file target-v7.cif (mmCIF, C-alpha atoms)
data_protein
#
loop_
_atom_site.label_atom_id
_atom_site.label_comp_id
_atom_site.auth_asym_id
_atom_site.auth_seq_id
_atom_site.Cartn_x
_atom_site.Cartn_y
_atom_site.Cartn_z
CA MET A 8 -51.65 -25.32 26.58
CA SER A 9 -48.00 -26.02 25.70
CA LEU A 10 -45.29 -23.39 25.66
CA GLN A 11 -43.75 -22.85 22.22
CA VAL A 12 -39.97 -22.70 22.03
CA THR A 13 -38.51 -21.86 18.63
CA ILE A 14 -34.88 -22.82 18.01
CA PHE A 15 -33.07 -20.91 15.25
CA GLY A 16 -30.01 -22.79 14.09
CA LEU A 17 -30.04 -26.57 14.36
CA GLY A 18 -26.35 -27.33 14.63
CA GLN A 19 -24.78 -29.06 17.62
CA VAL A 20 -26.09 -26.65 20.26
CA GLY A 21 -29.52 -25.94 18.77
CA ALA A 22 -30.36 -29.57 18.00
CA SER A 23 -29.04 -30.67 21.41
CA ILE A 24 -31.31 -28.17 23.15
CA GLY A 25 -34.22 -29.69 21.27
CA LEU A 26 -33.15 -33.23 22.18
CA ALA A 27 -32.77 -32.27 25.84
CA LEU A 28 -36.30 -30.84 25.85
CA ALA A 29 -37.84 -33.77 23.97
CA GLY A 30 -38.95 -35.43 27.19
CA HIS A 31 -41.28 -32.53 27.97
CA LYS A 32 -43.49 -32.66 24.87
CA GLU A 33 -46.70 -32.37 26.90
CA GLN A 34 -45.61 -28.99 28.23
CA LEU A 35 -43.31 -27.72 25.47
CA GLU A 36 -43.55 -27.61 21.70
CA CYS A 37 -40.21 -27.16 19.93
CA ILE A 38 -40.26 -25.50 16.54
CA GLY A 39 -37.04 -25.61 14.54
CA TYR A 40 -35.65 -23.37 11.83
CA ASP A 41 -32.36 -23.68 9.98
CA PRO A 42 -31.32 -21.96 6.75
CA ALA A 43 -30.18 -25.38 5.46
CA PRO A 44 -33.30 -27.47 4.68
CA LYS A 45 -31.41 -30.77 5.00
CA THR A 46 -30.26 -29.82 8.51
CA ALA A 47 -33.83 -28.95 9.50
CA GLU A 48 -35.06 -32.26 8.09
CA LYS A 49 -32.41 -34.16 10.02
CA ALA A 50 -33.35 -32.37 13.26
CA LEU A 51 -36.96 -33.39 12.71
CA HIS A 52 -35.93 -36.98 12.00
CA LEU A 53 -33.81 -37.09 15.18
CA GLY A 54 -36.71 -35.81 17.26
CA ALA A 55 -34.90 -32.60 18.18
CA VAL A 56 -37.92 -30.56 17.06
CA ASP A 57 -41.61 -31.28 16.82
CA ARG A 58 -41.97 -29.27 13.64
CA ALA A 59 -39.49 -27.74 11.22
CA ILE A 60 -40.71 -24.51 9.63
CA MET A 61 -38.65 -23.11 6.78
CA ASN A 62 -40.21 -19.64 6.88
CA PRO A 63 -38.34 -17.76 9.63
CA THR A 64 -41.13 -15.34 10.49
CA ALA A 65 -43.72 -18.12 10.59
CA ALA A 66 -41.42 -20.09 12.88
CA VAL A 67 -41.58 -17.42 15.60
CA GLU A 68 -45.04 -15.90 15.25
CA ASN A 69 -46.47 -17.96 18.14
CA ALA A 70 -43.24 -18.45 20.11
CA GLU A 71 -42.93 -17.35 23.71
CA VAL A 72 -39.26 -18.29 23.81
CA VAL A 73 -36.85 -17.97 20.87
CA VAL A 74 -33.38 -19.50 21.13
CA LEU A 75 -30.85 -18.12 18.64
CA THR A 76 -27.92 -20.50 18.16
CA LEU A 77 -26.47 -18.58 15.25
CA ALA A 78 -23.23 -17.02 14.05
CA VAL A 79 -22.79 -13.29 14.70
CA ASP A 80 -23.81 -12.04 11.25
CA GLU A 81 -26.74 -14.45 11.07
CA PHE A 82 -27.86 -13.25 14.49
CA GLN A 83 -28.13 -9.65 13.30
CA ARG A 84 -29.91 -10.54 10.06
CA THR A 85 -32.28 -12.96 11.78
CA LEU A 86 -33.20 -10.57 14.58
CA ALA A 87 -33.95 -7.82 12.06
CA LEU A 88 -36.24 -10.22 10.21
CA ILE A 89 -38.17 -11.68 13.14
CA SER A 90 -38.41 -8.70 15.51
CA PRO A 91 -41.54 -7.22 13.86
CA VAL A 92 -43.51 -10.45 14.36
CA LEU A 93 -42.43 -11.46 17.87
CA LYS A 94 -45.21 -11.84 20.42
CA PRO A 95 -45.32 -9.28 23.24
CA ALA A 96 -43.13 -10.37 26.18
CA CYS A 97 -41.29 -12.95 24.05
CA VAL A 98 -37.93 -13.88 25.56
CA VAL A 99 -35.02 -14.20 23.12
CA LEU A 100 -32.07 -16.29 24.28
CA ASN A 101 -28.74 -15.74 22.56
CA THR A 102 -25.88 -18.27 22.46
CA VAL A 103 -23.48 -16.21 20.29
CA PRO A 104 -20.06 -16.25 22.04
CA VAL A 105 -19.69 -12.44 21.81
CA ILE A 106 -21.76 -10.90 24.56
CA ASN A 107 -21.53 -7.10 24.65
CA ALA A 108 -21.67 -6.47 20.91
CA VAL A 109 -24.66 -8.78 20.54
CA ASN A 110 -26.41 -7.20 23.53
CA LEU A 111 -26.11 -3.80 21.87
CA MET A 112 -27.49 -5.15 18.59
CA GLY A 113 -30.34 -6.97 20.28
CA ASN A 114 -31.43 -4.17 22.57
CA GLU A 115 -31.57 -1.79 19.62
CA MET A 116 -33.49 -4.16 17.37
CA LEU A 117 -35.92 -5.94 19.69
CA PRO A 118 -39.36 -4.49 20.46
CA ALA A 119 -39.47 -2.74 23.82
CA ASN A 120 -41.81 -5.38 25.25
CA CYS A 121 -39.40 -8.26 24.50
CA ASP A 122 -36.24 -9.23 26.36
CA LEU A 123 -32.84 -10.54 25.31
CA VAL A 124 -30.92 -12.83 27.67
CA GLY A 125 -27.43 -14.16 27.02
CA PHE A 126 -27.55 -17.96 27.24
CA SER A 127 -24.01 -19.35 26.93
CA PRO A 128 -23.89 -23.12 27.45
CA THR A 129 -20.77 -25.07 28.32
CA LEU A 130 -20.62 -28.66 27.15
CA ASN A 131 -20.59 -32.02 28.87
CA PRO A 132 -16.92 -33.08 29.20
CA ALA A 133 -17.98 -36.54 28.01
CA CYS A 134 -18.19 -35.10 24.49
CA PHE A 135 -14.77 -33.42 24.46
CA SER A 136 -13.12 -36.16 22.42
CA GLN A 137 -15.72 -36.36 19.66
CA THR A 138 -14.70 -35.00 16.28
CA ALA A 139 -18.14 -34.68 14.68
CA ALA A 140 -19.49 -31.17 14.15
CA GLY A 141 -22.84 -29.52 13.55
CA ILE A 142 -26.00 -31.53 13.92
CA ASP A 143 -23.96 -34.75 13.65
CA ALA A 144 -22.52 -33.87 17.07
CA ALA A 145 -25.92 -33.22 18.69
CA ARG A 146 -26.78 -35.26 21.79
CA ALA A 147 -29.44 -35.02 24.48
CA ASP A 148 -26.87 -34.97 27.29
CA LEU A 149 -24.68 -32.25 25.75
CA PHE A 150 -25.34 -29.89 28.67
CA GLN A 151 -25.27 -32.42 31.51
CA ASN A 152 -22.59 -31.86 34.15
CA SER A 153 -22.03 -28.36 32.81
CA LEU A 154 -23.05 -24.72 33.18
CA VAL A 155 -25.22 -22.28 31.28
CA VAL A 156 -23.89 -18.76 31.83
CA LEU A 157 -26.65 -16.15 31.91
CA THR A 158 -26.12 -12.46 31.15
CA SER A 159 -28.59 -9.62 30.72
CA SER A 160 -28.84 -5.86 30.41
CA PRO A 161 -30.01 -3.66 33.33
CA THR A 162 -33.36 -3.13 31.57
CA CYS A 163 -34.09 -6.85 31.16
CA LYS A 164 -37.10 -8.01 33.17
CA ALA A 165 -36.40 -10.35 36.07
CA GLU A 166 -39.08 -12.75 34.80
CA ALA A 167 -37.18 -13.19 31.52
CA VAL A 168 -33.96 -14.04 33.33
CA ARG A 169 -35.84 -16.46 35.56
CA LEU A 170 -37.28 -18.20 32.52
CA ALA A 171 -33.77 -18.59 31.08
CA HIS A 172 -32.66 -19.96 34.45
CA ASN A 173 -35.42 -22.59 34.38
CA LEU A 174 -34.66 -23.56 30.80
CA ALA A 175 -31.03 -24.16 31.76
CA LEU A 176 -32.26 -26.50 34.50
CA LEU A 177 -34.41 -28.39 32.00
CA LEU A 178 -31.28 -28.97 29.91
CA GLY A 179 -29.65 -30.59 32.94
CA ALA A 180 -27.19 -27.73 33.43
CA THR A 181 -26.45 -25.43 36.37
CA PRO A 182 -27.24 -21.73 35.73
CA LEU A 183 -24.43 -19.28 36.49
CA TYR A 184 -24.87 -15.49 36.40
CA ALA A 185 -22.05 -13.36 35.01
CA ASP A 186 -21.20 -9.81 34.07
CA PRO A 187 -21.30 -9.46 30.25
CA PHE A 188 -17.91 -7.70 30.08
CA GLU A 189 -16.26 -10.34 32.25
CA LEU A 190 -17.80 -13.16 30.20
CA ASP A 191 -16.43 -11.70 26.97
CA GLY A 192 -12.97 -11.88 28.50
CA LEU A 193 -13.45 -15.45 29.67
CA LEU A 194 -14.80 -16.56 26.28
CA ALA A 195 -11.84 -14.99 24.52
CA ALA A 196 -9.47 -17.20 26.54
CA ALA A 197 -11.53 -20.39 26.67
CA ASP A 198 -13.26 -20.46 23.27
CA LEU A 199 -11.73 -17.98 20.85
CA LEU A 200 -8.02 -18.48 21.59
CA PRO A 201 -7.94 -22.28 21.06
CA LYS A 202 -9.44 -21.85 17.60
CA LEU A 203 -7.04 -19.04 16.67
CA MET A 204 -4.13 -21.03 18.10
CA ALA A 205 -5.05 -24.11 16.03
CA ALA A 206 -5.26 -21.96 12.91
CA SER A 207 -1.89 -20.38 13.72
CA LEU A 208 -0.24 -23.77 14.28
CA LEU A 209 -1.48 -24.93 10.90
CA ASN A 210 -0.34 -21.73 9.20
CA ALA A 211 3.07 -22.14 10.86
CA THR A 212 3.53 -25.63 9.42
CA ILE A 213 1.59 -26.27 6.22
CA ASP A 214 3.37 -23.54 4.24
CA GLN A 215 6.89 -24.50 5.32
CA PRO A 216 9.21 -26.12 2.73
CA GLY A 217 9.39 -29.40 4.65
CA TRP A 218 5.66 -29.82 5.21
CA GLN A 219 5.14 -32.39 2.46
CA ASP A 220 7.53 -34.71 4.27
CA ALA A 221 6.36 -33.70 7.76
CA ALA A 222 2.77 -34.44 6.75
CA LYS A 223 3.72 -38.08 6.27
CA ILE A 224 4.76 -38.46 9.92
CA ALA A 225 2.39 -36.02 11.64
CA GLY A 226 0.37 -38.00 14.16
CA ILE A 227 -1.77 -37.78 17.25
CA ALA A 228 -0.03 -34.76 18.76
CA PHE A 229 -0.57 -32.69 15.61
CA ALA A 230 -4.13 -33.94 15.17
CA GLN A 231 -5.10 -33.12 18.75
CA ALA A 232 -3.37 -29.74 18.76
CA THR A 233 -5.17 -28.67 15.58
CA GLN A 234 -8.55 -30.27 16.33
CA ALA A 235 -10.09 -26.90 17.25
CA ALA A 236 -9.54 -25.90 13.62
CA LEU A 237 -12.36 -28.28 12.73
CA ARG A 238 -14.63 -25.57 14.10
CA LEU A 239 -13.44 -23.29 11.30
CA GLU A 240 -15.55 -25.29 8.84
CA GLU A 241 -18.67 -24.54 10.86
CA ASP A 242 -17.71 -21.04 12.04
CA GLY A 243 -16.16 -19.97 8.74
CA GLN A 244 -15.63 -16.25 8.45
CA GLN A 245 -17.73 -15.80 11.58
CA LEU A 246 -14.71 -16.67 13.73
CA GLY A 247 -12.89 -13.66 12.36
CA ARG A 248 -15.97 -11.55 12.89
CA SER A 249 -16.24 -12.72 16.49
CA ALA A 250 -12.57 -11.93 17.07
CA MET A 251 -13.03 -8.41 15.70
CA LEU A 252 -16.10 -7.77 17.84
CA ASN A 253 -14.16 -8.96 20.90
CA ARG A 254 -10.91 -7.40 19.68
CA GLN A 255 -9.42 -6.07 22.92
CA ASN A 256 -9.89 -9.37 24.71
CA ALA A 257 -8.60 -11.27 21.68
CA LEU A 258 -5.44 -9.16 21.64
CA ARG A 259 -4.94 -9.70 25.36
CA VAL A 260 -5.16 -13.50 25.22
CA ILE A 261 -2.96 -13.65 22.09
CA ASP A 262 -0.37 -11.60 23.99
CA ASN A 263 -0.62 -14.08 26.88
CA LEU A 264 0.00 -16.98 24.49
CA THR A 265 2.91 -15.16 22.86
CA ALA A 266 4.46 -14.54 26.29
CA ALA A 267 4.09 -18.23 27.23
CA LEU A 268 5.76 -19.32 23.98
CA GLY A 269 8.46 -16.76 24.68
CA GLN A 270 9.21 -18.42 28.03
CA LEU A 271 9.67 -21.77 26.33
CA ARG A 272 11.85 -20.22 23.66
CA ARG A 273 14.12 -18.51 26.20
CA ALA A 274 14.56 -21.73 28.16
CA LEU A 275 15.56 -23.54 25.00
CA ASP A 276 17.82 -20.75 23.77
CA GLU A 277 19.60 -20.59 27.13
CA GLU A 278 19.76 -24.39 27.39
CA ASP A 279 17.93 -24.12 30.69
CA ALA A 280 16.58 -27.66 31.01
CA GLU A 281 15.31 -27.12 34.55
CA THR A 282 13.13 -24.15 33.63
CA LEU A 283 11.91 -25.91 30.50
CA GLN A 284 10.86 -28.97 32.48
CA ALA A 285 9.18 -26.83 35.14
CA LEU A 286 7.12 -25.00 32.49
CA LEU A 287 6.02 -28.25 30.89
CA GLN A 288 5.20 -29.85 34.25
CA HIS A 289 3.20 -26.79 35.30
CA ALA A 290 1.14 -27.05 32.11
CA LEU A 291 0.50 -30.77 32.64
CA GLN A 292 -0.60 -30.26 36.24
CA GLY A 293 -2.87 -27.40 35.24
CA ARG A 294 -4.61 -29.44 32.58
CA THR A 295 -5.01 -32.47 34.84
CA GLN A 296 -6.53 -30.39 37.62
CA TRP A 297 -8.84 -28.57 35.21
CA MET A 298 -10.09 -31.79 33.63
CA GLN A 299 -10.69 -33.46 36.99
CA ARG A 300 -12.71 -30.50 38.23
CA ARG A 301 -14.51 -30.12 34.91
CA GLN A 302 -15.64 -33.75 34.94
CA ALA A 303 -16.75 -33.48 38.56
CA ALA A 304 -18.27 -30.02 38.03
CA ASP A 305 -16.44 -29.12 41.23
CA TRP A 306 -16.18 -25.34 41.27
CA ASP A 307 -15.60 -23.04 44.22
CA ASN A 308 -18.48 -20.78 45.30
CA LEU A 309 -20.90 -22.49 42.92
CA GLU A 310 -24.08 -23.87 44.40
CA LYS A 311 -25.44 -26.67 42.26
CA ALA A 312 -29.14 -26.28 41.64
CA ALA A 313 -31.45 -29.27 41.88
CA LEU A 314 -33.43 -30.01 38.75
CA PRO A 315 -37.11 -29.26 39.42
CA THR A 316 -39.80 -31.60 38.21
CA SER A 317 -41.60 -30.89 34.97
CA GLY A 318 -44.63 -29.78 36.93
CA GLU A 319 -42.62 -27.29 38.96
CA ILE A 320 -40.98 -25.92 35.84
CA MET A 321 -44.30 -25.49 34.08
CA ARG A 322 -45.87 -23.76 37.07
CA GLN A 323 -43.00 -21.28 36.92
CA PHE A 324 -43.51 -20.87 33.18
CA LEU A 325 -47.22 -20.27 33.69
CA GLY A 326 -46.42 -17.74 36.38
CA TRP A 327 -44.13 -15.97 33.94
CA ARG A 328 -46.92 -16.00 31.36
CA GLY A 329 -49.28 -14.33 33.77
CA LYS A 330 -46.80 -11.58 34.58
CA ALA A 331 -46.04 -11.10 30.89
CA LYS A 332 -49.72 -10.61 30.06
CA THR A 333 -50.26 -8.09 32.82
CA GLY A 334 -46.99 -6.30 32.10
CA LYS A 335 -45.95 -6.56 35.76
#
call {"tool": "encode", "arguments": {"input": "target-v7.cif", "output": "structure tokens"}}
result
Amino acid sequence: MSLQVTIFGLGQVGASIGLALAGHKEQLECIGYDPAPKTAEKALHLGAVDRAIMNPTAAVENAEVVVLTLAVDEFQRTLALISPVLKPACVVLNTVPVINAVNLMGNEMLPANCDLVGFSPTLNPACFSQTAAGIDAARADLFQNSLVVLTSSPTCKAEAVRLAHNLALLLGATPLYADPFELDGLLAAADLLPKLMAASLLNATIDQPGWQDAAKIAGIAFAQATQAALRLEEDGQQLGRSAMLNRQNALRVIDNLTAALGQLRRALDEEDAETLQALLQHALQGRTQWMQRRQAADWDNLEKAALPTSGEIMRQFLGWRGKAKTGK
């Protein structure tokens, strides 16, 4: 009997999870739900899901794993809706990039016999240059050569975390365990700040008196520096909501950015060409080193896990099923 995985939210991450699992149809059945019917239809057409069910409660009633790839507010509303119909011992995986606030919501709303595990995927560096968003950016190899960061509460059952670990392996990623508080800080710097910075750069230019002329000559540098703002169309007001829920970390990383800009400004104001060049060179070296290591997935103190065979994965899933039924 196949294991049912229900994916809520069929944007880039949700549809890519389905595409990555599509080679395991004999063992896994992927059910998809998205509030936008056209997105759900496209996911079905792409083969990201085996069935698209437009009734959210019907989509999860037989699920043993539910993956929520939703915005913060949608996460709360969705969990409130589906919690009463979740199967006992169902494992809910959350990809919302705000960990502690969502953990609190989930642990309060989920039935006591279900578990919530943070499931934060990083993306294949091969896709960094693509400009498509949402389901148009979905690809089966989105999680290859990358990490899935796992977080959980102290009350979460070990079997649930292990299942999340195995699912990360099926996606072609390496599981990495993290403290939820630490991960919120890391996400503020690596995910939230670039989007806020792109929005700030746009706000600092598009309302200036000379923008109509500057717009005619703005080129690749401006396009690349503001590319993260493309996420605003998909994230919408949820980006602001995420920033508020992770407010202390957001303030910290904004202060770091302000301090870095201040260094550049002082060097210019003091006509200190040597310091200015050193700051720019340091930034270039840092990016080059990061990108080289990111592409090679070469991280200190990180043991790469070998991808088990489908049979091994399913034996582990079946073992989890047995423990879930006995409550042990």
call {"tool": "residues_near_point", "arguments": {"input": "target-v7.cif", "point": "(-37.8, -3.6, 30.4)", "cutoff": "10 Å", "atoms": "all atoms listed in the file", "output": "number ranges by chain"}}
result
A: 96, 119-123, 160-165, 167, 334
call {"tool": "write_last_selection", "arguments": {"input": "target-v7.cif", "atoms": "C-alpha atoms", "output": "JSON list (two decimals), in the coordinates of the input"}}
result
[["chain", "number", "residue", "atom", "x", "y", "z"],
["A", 96, "ALA", "CA", -43.13, -10.37, 26.18],
["A", 119, "ALA", "CA", -39.47, -2.74, 23.82],
["A", 120, "ASN", "CA", -41.81, -5.38, 25.25],
["A", 121, "CYS", "CA", -39.40, -8.26, 24.50],
["A", 122, "ASP", "CA", -36.24, -9.23, 26.36],
["A", 123, "LEU", "CA", -32.84, -10.54, 25.31],
["A", 160, "SER", "CA", -28.84, -5.86, 30.41],
["A", 161, "PRO", "CA", -30.01, -3.66, 33.33],
["A", 162, "THR", "CA", -33.36, -3.13, 31.57],
["A", 163, "CYS", "CA", -34.09, -6.85, 31.16],
["A", 164, "LYS", "CA", -37.10, -8.01, 33.17],
["A", 165, "ALA", "CA", -36.40, -10.35, 36.07],
["A", 167, "ALA", "CA", -37.18, -13.19, 31.52],
["A", 334, "GLY", "CA", -46.99, -6.30, 32.10]]
call {"tool": "closest_residue", "arguments": {"input": "target-v7.cif", "among": "A:Ala230, A:Leu174, A:Ile60, A:Leu75", "to": "Ser136 in chain A", "atoms": "only C-alpha atoms"}}
result
A:Ala230
call {"tool": "resolve_selection", "arguments": {"input": "target-v7.cif", "expression": "the PyMOL selection byres ((chain A and resi 19) around 6)", "output": "PyMOL selection string"}}
result
chain A and resi 18+20-23+141-142+144-145
call {"tool": "closest_atom_pairs", "arguments": {"input": "target-v7.cif", "of": "range 111-138 of chain A", "to": "range 186-205 of chain A", "cutoff": "12 Å", "atoms": "only C-alpha atoms", "output": "CSV"}}
result
residue,atom,partner,partner_atom,distance
A:Leu111,CA,A:Pro187,CA,11.2
A:Val124,CA,A:Pro187,CA,10.5
A:Gly125,CA,A:Pro187,CA,8.4
A:Phe126,CA,A:Pro187,CA,11.0
A:Ser127,CA,A:Leu190,CA,9.4
A:Pro128,CA,A:Leu194,CA,11.3
A:Thr129,CA,A:Asp198,CA,10.2
A:Leu130,CA,A:Asp198,CA,11.7
call {"tool": "closest_residue", "arguments": {"input": "target-v7.cif", "among": "A:Leu178, A:Gln219, A:Ala225, A:Asn107", "to": "Gly30 in chain A", "atoms": "all atoms listed in the file"}}
result
A:Leu178
call {"tool": "residues_near_point", "arguments": {"input": "target-v7.cif", "point": "(-18.3, -30.4, 36.1)", "cutoff": "10 Å", "atoms": "all atoms listed in the file", "output": "PyMOL selection string"}}
result
chain A and resi 129-132+151-154+180-181+297-306
call {"tool": "closest_residue", "arguments": {"input": "target-v7.cif", "among": "A:Leu17, A:Leu271, A:Ala171, A:Leu117", "to": "Leu286 in chain A", "atoms": "all atoms listed in the file"}}
result
A:Leu271
call {"tool": "residues_around", "arguments": {"input": "target-v7.cif", "residues": "Ser9 in chain A", "least_positions_apart": "5", "cutoff": "7 Å", "atoms": "only C-alpha atoms", "output": "list in words"}}
result
Glu33, Gln34, Leu35 and Glu36 of chain A
call {"tool": "closest_residue", "arguments": {"input": "target-v7.cif", "among": "A:Val79, A:Met61, A:Cys97, A:Ala29", "to": "Asn110 in chain A", "atoms": "all atoms listed in the file"}}
result
A:Val79
call {"tool": "axis_aligned_box", "arguments": {"input": "target-v7.cif", "around": "range 152-161 of chain A", "padding_each_side": "8 Å", "output": "lines of an AutoDock Vina configuration file"}}
result
center_x = -26.0
center_y = -17.8
center_z = 32.3
size_x = 24.0
size_y = 44.2
size_z = 19.7
call {"tool": "resolve_selection", "arguments": {"input": "target-v7.cif", "expression": "the PyMOL selection byres ((chain A and resi 91) around 12)", "output": "mmCIF file with C-alpha atoms, in the coordinates of the input"}}
result
data_model
loop_
_atom_site.group_PDB
_atom_site.id
_atom_site.type_symbol
_atom_site.label_atom_id
_atom_site.label_comp_id
_atom_site.auth_asym_id
_atom_site.auth_seq_id
_atom_site.Cartn_x
_atom_site.Cartn_y
_atom_site.Cartn_z
ATOM 1 C CA PRO A 63 -38.340 -17.760 9.630
ATOM 2 C CA THR A 64 -41.130 -15.340 10.490
ATOM 3 C CA ALA A 65 -43.720 -18.120 10.590
ATOM 4 C CA VAL A 67 -41.580 -17.420 15.600
ATOM 5 C CA GLU A 68 -45.040 -15.900 15.250
ATOM 6 C CA THR A 85 -32.280 -12.960 11.780
ATOM 7 C CA LEU A 86 -33.200 -10.570 14.580
ATOM 8 C CA ALA A 87 -33.950 -7.820 12.060
ATOM 9 C CA LEU A 88 -36.240 -10.220 10.210
ATOM 10 C CA ILE A 89 -38.170 -11.680 13.140
ATOM 11 C CA SER A 90 -38.410 -8.700 15.510
ATOM 12 C CA VAL A 92 -43.510 -10.450 14.360
ATOM 13 C CA LEU A 93 -42.430 -11.460 17.870
ATOM 14 C CA LYS A 94 -45.210 -11.840 20.420
ATOM 15 C CA PRO A 95 -45.320 -9.280 23.240
ATOM 16 C CA CYS A 97 -41.290 -12.950 24.050
ATOM 17 C CA MET A 116 -33.490 -4.160 17.370
ATOM 18 C CA LEU A 117 -35.920 -5.940 19.690
ATOM 19 C CA PRO A 118 -39.360 -4.490 20.460
ATOM 20 C CA ALA A 119 -39.470 -2.740 23.820
ATOM 21 C CA ASN A 120 -41.810 -5.380 25.250
ATOM 22 C CA CYS A 121 -39.400 -8.260 24.500
#
call {"tool": "atom_distance", "arguments": {"input": "target-v7.cif", "atom1": "CA of Val168 in chain A", "atom2": "CA of Gln255 in chain A"}}
result
27.8 Å
call {"tool": "atom_distance", "arguments": {"input": "target-v7.cif", "atom1": "CA of Leu177 in chain A", "atom2": "CA of Asn69 in chain A"}}
result
21.1 Å
call {"tool": "closest_residue", "arguments": {"input": "target-v7.cif", "among": "A:Phe135, A:Pro44, A:Gly39, A:Arg294", "to": "Phe150 in chain A", "atoms": "all atoms listed in the file"}}
result
A:Phe135
call {"tool": "atom_distance", "arguments": {"input": "target-v7.cif", "atom1": "CA of Ala232 in chain A", "atom2": "CA of Thr76 in chain A"}}
result
26.2 Å
